[in-house]
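*Asks:* Below you'll find entry.cif; it's mmCIF, C-alpha atoms.
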data_start
loop_
_atom_site.label_atom_id
_atom_site.label_comp_id
_atom_site.auth_asym_id
_atom_site.auth_seq_id
_atom_site.Cartn_x
_atom_site.Cartn_y
_atom_site.Cartn_z
CA MET A 4 120.43 50.30 -63.93
CA THR A 5 117.03 48.76 -64.70
CA THR A 6 115.41 46.27 -62.34
CA LEU A 7 113.28 43.75 -64.14
CA ALA A 8 110.11 42.40 -62.58
CA PRO A 9 110.12 38.65 -61.96
CA ARG A 10 108.75 36.71 -64.90
CA ALA A 11 105.29 35.35 -64.18
CA GLN A 12 105.00 31.59 -64.08
CA MET A 13 103.03 30.05 -66.94
CA PRO A 14 99.43 29.37 -65.86
CA LEU A 15 98.39 25.81 -65.12
CA ASP A 16 96.86 24.21 -68.20
CA THR A 17 93.09 23.71 -68.20
CA GLU A 18 93.16 19.92 -68.37
CA ALA A 19 95.42 19.55 -65.33
CA ALA A 20 93.49 22.22 -63.42
CA THR A 21 90.21 20.44 -64.10
CA HIS A 22 91.60 17.11 -62.90
CA TYR A 23 93.03 18.61 -59.71
CA ALA A 24 89.80 20.54 -59.03
CA GLU A 25 87.74 17.36 -59.32
CA CYS A 26 90.00 15.60 -56.82
CA PHE A 27 89.93 18.50 -54.35
CA VAL A 28 86.14 18.89 -54.65
CA THR A 29 85.70 15.20 -53.92
CA LEU A 30 87.43 15.71 -50.57
CA ALA A 31 85.37 18.81 -49.66
CA ASP A 32 82.93 16.71 -47.62
CA PRO A 33 84.11 15.83 -44.07
CA THR A 34 82.28 12.49 -44.06
CA ARG A 35 83.96 11.56 -47.30
CA VAL A 36 87.37 12.41 -45.83
CA ARG A 37 86.59 10.28 -42.75
CA LEU A 38 85.54 7.42 -44.99
CA LEU A 39 88.68 7.65 -47.11
CA HIS A 40 90.84 7.74 -43.98
CA ALA A 41 89.11 4.65 -42.60
CA VAL A 42 89.71 2.73 -45.83
CA ALA A 43 93.31 3.94 -46.24
CA THR A 44 94.28 2.95 -42.69
CA SER A 45 92.51 -0.42 -42.76
CA ASN A 46 94.24 -3.71 -43.47
CA GLY A 47 93.01 -4.67 -46.91
CA GLY A 48 89.94 -2.45 -47.11
CA LEU A 49 86.44 -2.44 -45.61
CA THR A 50 82.97 -3.36 -46.74
CA VAL A 51 80.25 -0.73 -47.07
CA GLY A 52 78.54 -2.35 -44.10
CA GLU A 53 81.69 -2.06 -41.98
CA LEU A 54 82.07 1.60 -42.99
CA THR A 55 78.44 2.22 -42.03
CA ASP A 56 79.02 0.84 -38.53
CA LEU A 57 82.44 2.45 -38.10
CA LEU A 58 81.36 5.97 -39.06
CA GLY A 59 77.84 5.82 -37.62
CA ILE A 60 76.14 6.70 -40.90
CA SER A 61 73.42 5.07 -42.97
CA GLN A 62 74.27 2.51 -45.62
CA SER A 63 72.84 4.72 -48.36
CA THR A 64 75.06 7.62 -47.21
CA ALA A 65 78.12 5.37 -47.12
CA SER A 66 77.35 4.01 -50.59
CA HIS A 67 76.90 7.55 -51.96
CA HIS A 68 80.28 8.71 -50.65
CA VAL A 69 82.00 5.53 -51.82
CA ARG A 70 80.70 6.15 -55.34
CA LYS A 71 82.01 9.72 -55.29
CA LEU A 72 85.45 8.56 -54.10
CA ALA A 73 85.50 5.79 -56.69
CA ASP A 74 84.59 8.23 -59.48
CA ALA A 75 87.61 10.36 -58.50
CA ARG A 76 89.75 7.19 -58.30
CA PHE A 77 90.55 7.55 -54.62
CA VAL A 78 89.22 4.04 -53.97
CA HIS A 79 88.56 0.78 -55.76
CA VAL A 80 85.21 -0.99 -55.34
CA SER A 81 84.70 -4.71 -55.83
CA LYS A 82 82.07 -7.33 -55.09
CA VAL A 83 83.01 -10.01 -52.56
CA GLY A 84 80.08 -12.38 -52.29
CA THR A 85 77.09 -10.23 -51.42
CA SER A 86 79.20 -7.43 -49.95
CA THR A 87 80.78 -4.39 -51.60
CA ARG A 88 84.43 -4.06 -50.57
CA VAL A 89 86.27 -0.75 -50.70
CA THR A 90 90.07 -0.54 -50.95
CA VAL A 91 92.30 2.51 -51.32
CA ASN A 92 93.83 3.40 -54.67
CA GLU A 93 97.42 3.87 -53.54
CA ALA A 94 98.47 5.68 -56.72
CA CYS A 95 95.79 8.35 -56.38
CA CYS A 96 96.36 8.93 -52.67
CA THR A 97 100.11 9.27 -52.92
CA GLY A 98 99.66 11.64 -55.86
CA LEU A 99 97.94 14.22 -53.64
CA PRO A 100 101.18 15.86 -52.44
CA HIS A 101 102.20 16.30 -56.07
CA MET A 102 98.88 18.02 -56.86
CA ALA A 103 99.35 20.37 -53.92
CA ASP A 104 102.94 21.15 -54.98
CA VAL A 105 101.86 22.00 -58.52
CA VAL A 106 98.87 24.13 -57.52
CA MET A 107 100.81 26.06 -54.87
CA GLY A 108 103.85 26.54 -57.11
CA VAL A 109 106.19 24.85 -54.67
CA THR A 110 109.82 25.00 -55.82
CA ALA A 111 113.10 23.63 -54.57
CA THR A 112 113.89 26.94 -52.86
CA ASN A 113 110.94 26.83 -50.48
CA ARG A 114 110.69 23.14 -49.73
CA PRO A 115 112.12 22.08 -46.37
CA CYS A 116 115.82 21.31 -46.20
CA CYS A 117 115.61 18.29 -43.99
CA PRO A 118 114.06 17.00 -40.75
CA ASP A 119 115.19 18.94 -37.68
CA ASP A 120 113.62 16.87 -34.87
CA ILE A 121 116.40 14.29 -34.76
CA PRO A 122 116.46 12.08 -31.62
CA ALA A 123 119.50 12.54 -29.41
CA ASP A 124 120.20 8.80 -29.11
CA VAL A 125 120.75 8.29 -32.86
CA THR A 126 124.31 8.72 -34.13
CA ILE A 127 125.20 8.89 -37.82
CA ARG A 128 128.65 7.97 -39.09
CA ALA A 129 130.33 6.87 -42.31
CA LEU A 130 129.94 3.21 -43.26
CA THR A 131 133.09 1.11 -42.70
CA ASP A 132 134.10 -2.36 -43.92
CA GLY A 133 133.07 -3.79 -40.58
CA ASP A 134 129.45 -2.72 -41.11
CA TRP A 135 128.61 -4.80 -44.17
CA ALA A 136 127.11 -7.74 -42.30
CA GLU A 137 124.65 -5.50 -40.45
CA VAL A 138 123.93 -3.43 -43.56
CA ARG A 139 123.07 -6.57 -45.52
CA ARG A 140 120.97 -7.94 -42.62
CA ILE A 141 118.89 -4.75 -42.55
CA TYR A 142 118.62 -4.84 -46.34
CA ARG A 143 117.25 -8.39 -46.03
CA GLU A 144 114.59 -7.16 -43.60
CA GLY A 145 113.56 -4.50 -46.08
CA ILE A 146 113.28 -7.05 -48.87
CA ASP A 147 111.13 -9.25 -46.66
CA THR A 148 108.52 -6.50 -46.20
CA GLY A 149 107.64 -6.83 -49.88
CA ILE A 150 107.20 -3.06 -50.31
CA ALA A 151 110.76 -1.73 -50.02
CA THR A 152 112.47 -2.88 -53.21
CA PHE A 153 112.06 -5.04 -56.31
CA GLU A 154 115.15 -6.97 -55.22
CA THR A 155 114.44 -10.45 -53.88
CA SER A 156 117.96 -11.29 -52.71
CA VAL A 157 120.60 -9.21 -50.97
CA PRO A 158 123.46 -8.10 -53.24
CA SER A 159 126.97 -8.93 -52.08
CA SER A 160 128.93 -6.33 -50.15
CA ALA A 161 131.34 -6.08 -53.09
CA LYS A 162 128.49 -5.32 -55.48
CA LEU A 163 127.04 -2.70 -53.12
CA ALA A 164 130.44 -1.10 -52.55
CA ALA A 165 130.99 -0.83 -56.30
CA LYS A 166 127.54 0.71 -56.79
CA TRP A 167 127.40 3.25 -53.93
CA LEU A 168 129.21 6.57 -54.11
CA PRO A 169 132.18 6.86 -51.73
CA GLY A 170 131.51 9.55 -49.15
CA HIS A 171 127.75 9.02 -49.36
CA ARG A 172 127.36 5.78 -47.40
CA TRP A 173 126.12 6.26 -43.85
CA VAL A 174 124.97 4.09 -40.97
CA ALA A 175 122.87 4.98 -37.95
CA GLU A 176 123.76 3.70 -34.49
CA ILE A 177 121.86 3.47 -31.22
CA ASP A 178 123.93 2.41 -28.21
CA GLY A 179 126.73 1.36 -30.54
CA LYS A 180 124.53 -0.93 -32.65
CA VAL A 181 123.94 -0.36 -36.38
CA VAL A 182 120.20 0.20 -36.83
CA GLY A 183 119.96 1.64 -40.33
CA TRP A 184 121.81 2.84 -43.39
CA THR A 185 121.54 5.16 -46.36
CA SER A 186 123.44 5.38 -49.64
CA ILE A 187 123.55 7.28 -52.92
CA SER A 188 124.28 5.67 -56.29
CA PRO A 189 125.05 7.51 -59.55
CA VAL A 190 122.18 7.35 -62.04
CA SER A 191 124.52 7.48 -65.05
CA ASP A 192 128.20 7.47 -65.97
CA ARG A 193 127.67 10.43 -68.33
CA ASP A 194 129.37 13.58 -67.10
CA CYS A 195 126.24 15.72 -67.52
CA TYR A 196 124.52 13.59 -64.83
CA ARG A 197 127.43 13.59 -62.39
CA GLY A 198 125.35 15.53 -59.85
CA VAL A 199 122.30 13.24 -59.97
CA GLY A 200 122.05 10.36 -57.52
CA GLU A 201 119.62 7.57 -56.61
CA SER A 202 119.12 7.37 -52.84
CA SER A 203 118.18 4.49 -50.55
CA VAL A 204 117.27 4.36 -46.85
CA TYR A 205 116.70 1.23 -44.75
CA VAL A 206 115.98 0.93 -41.02
CA ASP A 207 116.18 -2.10 -38.71
CA SER A 208 112.62 -3.37 -38.11
CA ARG A 209 113.10 -3.20 -34.32
CA PHE A 210 113.96 0.50 -34.43
CA ARG A 211 111.38 1.89 -36.86
CA GLY A 212 109.41 4.83 -35.56
CA ARG A 213 112.30 6.12 -33.44
CA GLY A 214 113.59 8.79 -35.80
CA VAL A 215 116.37 6.68 -37.34
CA GLY A 216 115.11 7.36 -40.87
CA LYS A 217 114.92 11.09 -40.18
CA ALA A 218 118.49 11.17 -38.92
CA LEU A 219 119.75 9.21 -41.92
CA LEU A 220 117.90 11.40 -44.41
CA ARG A 221 119.23 14.56 -42.78
CA GLN A 222 122.79 13.30 -43.18
CA GLN A 223 122.09 12.11 -46.71
CA VAL A 224 120.70 15.38 -48.05
CA THR A 225 123.07 17.75 -46.25
CA ALA A 226 126.10 15.76 -47.44
CA ALA A 227 124.71 15.75 -50.98
CA ASP A 228 124.19 19.52 -50.86
CA ASP A 229 127.77 20.02 -49.68
CA HIS A 230 129.31 17.80 -52.37
CA ASP A 231 127.77 19.12 -55.60
CA ILE A 232 124.96 16.57 -55.92
CA TRP A 233 122.20 18.79 -57.25
CA THR A 234 119.44 16.18 -57.60
CA LEU A 235 118.51 13.17 -55.51
CA GLN A 236 115.83 10.82 -56.74
CA THR A 237 114.18 7.70 -55.38
CA SER A 238 111.31 5.38 -56.25
CA ILE A 239 109.04 4.14 -53.46
CA PHE A 240 106.25 1.58 -53.62
CA THR A 241 102.88 3.35 -53.43
CA GLU A 242 101.97 1.15 -50.45
CA ASN A 243 104.91 2.51 -48.45
CA ARG A 244 103.27 5.79 -47.41
CA ALA A 245 105.43 6.17 -44.29
CA SER A 246 108.57 6.35 -46.44
CA ILE A 247 106.94 8.77 -48.88
CA SER A 248 105.99 11.08 -46.01
CA LEU A 249 109.49 10.88 -44.54
CA HIS A 250 111.05 11.89 -47.86
CA HIS A 251 108.68 14.83 -48.23
CA GLN A 252 109.94 16.08 -44.86
CA ALA A 253 113.47 16.03 -46.28
CA GLY A 254 112.57 18.25 -49.21
CA TYR A 255 111.72 15.59 -51.76
CA ARG A 256 108.68 16.22 -53.96
CA THR A 257 106.43 13.78 -55.76
CA VAL A 258 107.21 13.85 -59.48
CA GLY A 259 104.57 11.31 -60.42
CA ILE A 260 103.30 7.76 -60.27
CA ARG A 261 104.90 5.08 -62.42
CA GLU A 262 102.07 2.59 -62.89
CA ARG A 263 102.87 -1.14 -63.16
CA ILE A 264 106.53 -0.26 -63.52
CA ALA A 265 107.84 -3.72 -62.61
CA GLN A 266 106.92 -7.05 -61.09
CA ARG A 267 108.01 -8.51 -57.79
CA GLU A 268 107.46 -12.25 -57.55
CA GLY A 269 104.88 -12.09 -60.32
CA VAL A 270 102.92 -9.13 -58.92
CA TRP A 271 102.87 -5.76 -60.69
CA HIS A 272 103.58 -2.70 -58.52
CA ASP A 273 103.24 1.06 -58.92
CA THR A 274 105.97 3.32 -57.58
CA VAL A 275 106.10 6.97 -56.63
CA LEU A 276 109.01 8.83 -58.23
CA LEU A 277 110.34 11.53 -55.90
CA GLU A 278 113.19 13.97 -56.32
CA ARG A 279 114.97 16.58 -54.24
CA ARG A 280 116.73 19.52 -55.86
CA ARG A 281 119.51 21.45 -54.20
CA ALA A 282 118.42 25.03 -53.53
CA ASN A 283 121.16 26.60 -55.67
#
Produce structure tokens that represent the structure in this file.

*Replies:*
Amino acid sequence: MTTLAPRAQMPLDTEAATHYAECFVTLADPTRVRLLHAVATSNGGLTVGELTDLLGISQSTASHHVRKLADARFVHVSKVGTSTRVTVNEACCTGLPHMADVVMGVTATNRPCCPDDIPADVTIRALTDGDWAEVRRIYREGIDTGIATFETSVPSSAKLAAKWLPGHRWVAEIDGKVVGWTSISPVSDRDCYRGVGESSVYVDSRFRGRGVGKALLRQQVTAADDHDIWTLQTSIFTENRASISLHHQAGYRTVGIRERIAQREGVWHDTVLLERRRAN
């Protein structure tokens, strides 16, 4: 019996490697990383003057680092009156996990299964007919954020029930109250795509940050793994970095950025396409 050596993975092409290297080199300076973090966590960006004061650096130093970040497309720079305003380029920032996955050769077999630090007070159960009012209320809250979905009105419970796969509709409860939900919808009626689903997760605004999303995603992905759903995919607005991070914890990977994919109330938005592959 002959044992064959594992086939080597094809090397990364030069063009992609050059692009990734330029992005990583741009972030090799600690001050530049601090500056990018300040802009990314601000509400609507900062002026160069504000960055100078915030980081305790000179204006010339701040301007130099802003130019480097702008050249690598981490930030956008615009003139507002006499000031230079710096805002984060959401598409570039949310693409970083994808770059890291590609460079490190991350595959479905070594990405995390799902979050394991689930809070004890969150209970997950199957959605029942009595839950639709709360499910639609929470959906409405998500719509109102402006960065959760391109929908502008809540679909009827009948429409949602017809769309969502039976056995893959879950709600989260805290103290007996529905505080979130998750669902999976088929991406196609063709038999070859029977194991590919589009996933959604929504959490009551009053209970965000309490691990409800983690608990829902854990149930979602483990149930999918157990019921022959080999790929889950979802599209998330680039502005919604908390949701992107949560999905990465559940084994999703960034496939890419879909620029100006659709409009919501007349405004174009980019989305991050993520997918999770079953390990086997």

*Asks:* Given the PyMOL selection byres ((chain A and resi 47-61) around 8) and the file above, list the residues it selects as a PyMOL selection string.

*Replies:* chain A and resi 37-38+41-43+45-46+62-66+86-91

*Asks:* If the PyMOL selection byres ((chain A and resi 196-207) around 9) is run on the structure shown, which residues does it catch, given as a PyMOL selection string?

*Replies:* chain A and resi 138+140-142+144-145+151+168+175+181-195+208-211+215-216+219-220+223+227+230-238+246

*Asks:* Figure out the distance between CA of Arg279 (chain A) and CA of Ala94 (chain A), please, to one decimal in Å.

*Replies:*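 Between CA of Ala94 (chain A) and CA of Arg279 (chain A) the gap is 19.9 Å.
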
*Asks:* Using the chain letters and numbers from the file, give me the residues hit by the PyMOL selection byres ((chain A and resi 170) around 9), as a PyMOL selection string.

*Replies:* chain A and resi 129-130+167-169+171-173+226

*Asks:* To one decimal place in Å, what is the distance between CA of Arg281 (chain A) and CA of Thr225 (chain A)?

*Replies:*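 Here the two named atoms are 9.5 Å from each other.
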
*Asks:* State, in Å with one decimal place, the distance from CA of Glu154 (chain A) to CA of Glu262 (chain A).

*Replies:* 17.9 Å

*Asks:* Pick out the residues sitting within 12 Å of Asp74 (chain A), and hand them over as a list of chain:residue names; count only C-alpha atoms, and ignore anything fewer than 4 positions along from it in its own chain.

*Replies:*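 The filter keeps A:His22, A:Glu25, A:Cys26, A:Val28, A:Thr29, A:Leu30, A:His67, A:His68, A:Val69, A:Arg70, A:Val78, A:His79, A:Val80, A:Asn92, A:Cys95.
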
*Asks:* Once you have the residues from the selection above, write them out as a CSV table (one decimal), in the frame of the given file, restricted to C-alpha atoms.

*Replies:*
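The result, written out as part.csv:
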chain,number,residue,atom,x,y,z
A,22,HIS,CA,91.6,17.1,-62.9
A,25,GLU,CA,87.7,17.4,-59.3
A,26,CYS,CA,90.0,15.6,-56.8
A,28,VAL,CA,86.1,18.9,-54.6
A,29,THR,CA,85.7,15.2,-53.9
A,30,LEU,CA,87.4,15.7,-50.6
A,67,HIS,CA,76.9,7.6,-52.0
A,68,HIS,CA,80.3,8.7,-50.6
A,69,VAL,CA,82.0,5.5,-51.8
A,70,ARG,CA,80.7,6.2,-55.3
A,78,VAL,CA,89.2,4.0,-54.0
A,79,HIS,CA,88.6,0.8,-55.8
A,80,VAL,CA,85.2,-1.0,-55.3
A,92,ASN,CA,93.8,3.4,-54.7
A,95,CYS,CA,95.8,8.4,-56.4

*Asks:* Would you mind telling me which residue in A:Thr148, A:Trp135, A:Ile247, A:Gly212 lies nearest to Lys162 (chain A) when using all atoms listed in the file?

*Replies:*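 Once distances to Lys162 (chain A) are computed over all atoms listed in the file, the minimum belongs to A:Trp135.
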
*Asks:* Identify which of the residues A:Gln252, A:Thr44, A:Ser160, A:Thr241 lies closest to Leu276 (chain A), counting only C-alpha atoms when measuring atom-to-atom distances.

*Replies:*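 Between A:Gln252, A:Thr44, A:Ser160, A:Thr241, the residue approaching Leu276 (chain A) most closely is A:Thr241.
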
*Asks:* Could you name the residues that touch Asp120 (chain A) at 12 Å or less, counting only C-alpha atoms, but leaving out those on the same chain fewer than 2 positions away, as a compact mmCIF listing (two decimals) with C-alpha atoms, in the frame of the given file?

*Replies:*
# COMPACT_ATOMS: atom_id res chain seq x y z
CA CYS A 117 115.61 18.29 -43.99
CA PRO A 118 114.06 17.00 -40.75
CA PRO A 122 116.46 12.08 -31.62
CA ALA A 123 119.50 12.54 -29.41
CA ASP A 124 120.20 8.80 -29.11
CA VAL A 125 120.75 8.29 -32.86
CA ARG A 213 112.30 6.12 -33.44
CA GLY A 214 113.59 8.79 -35.80
CA VAL A 215 116.37 6.68 -37.34
CA GLY A 216 115.11 7.36 -40.87
CA LYS A 217 114.92 11.09 -40.18
CA ALA A 218 118.49 11.17 -38.92
CA LEU A 220 117.90 11.40 -44.41
CA ARG A 221 119.23 14.56 -42.78
CA GLN A 252 109.94 16.08 -44.86
CA ALA A 253 113.47 16.03 -46.28
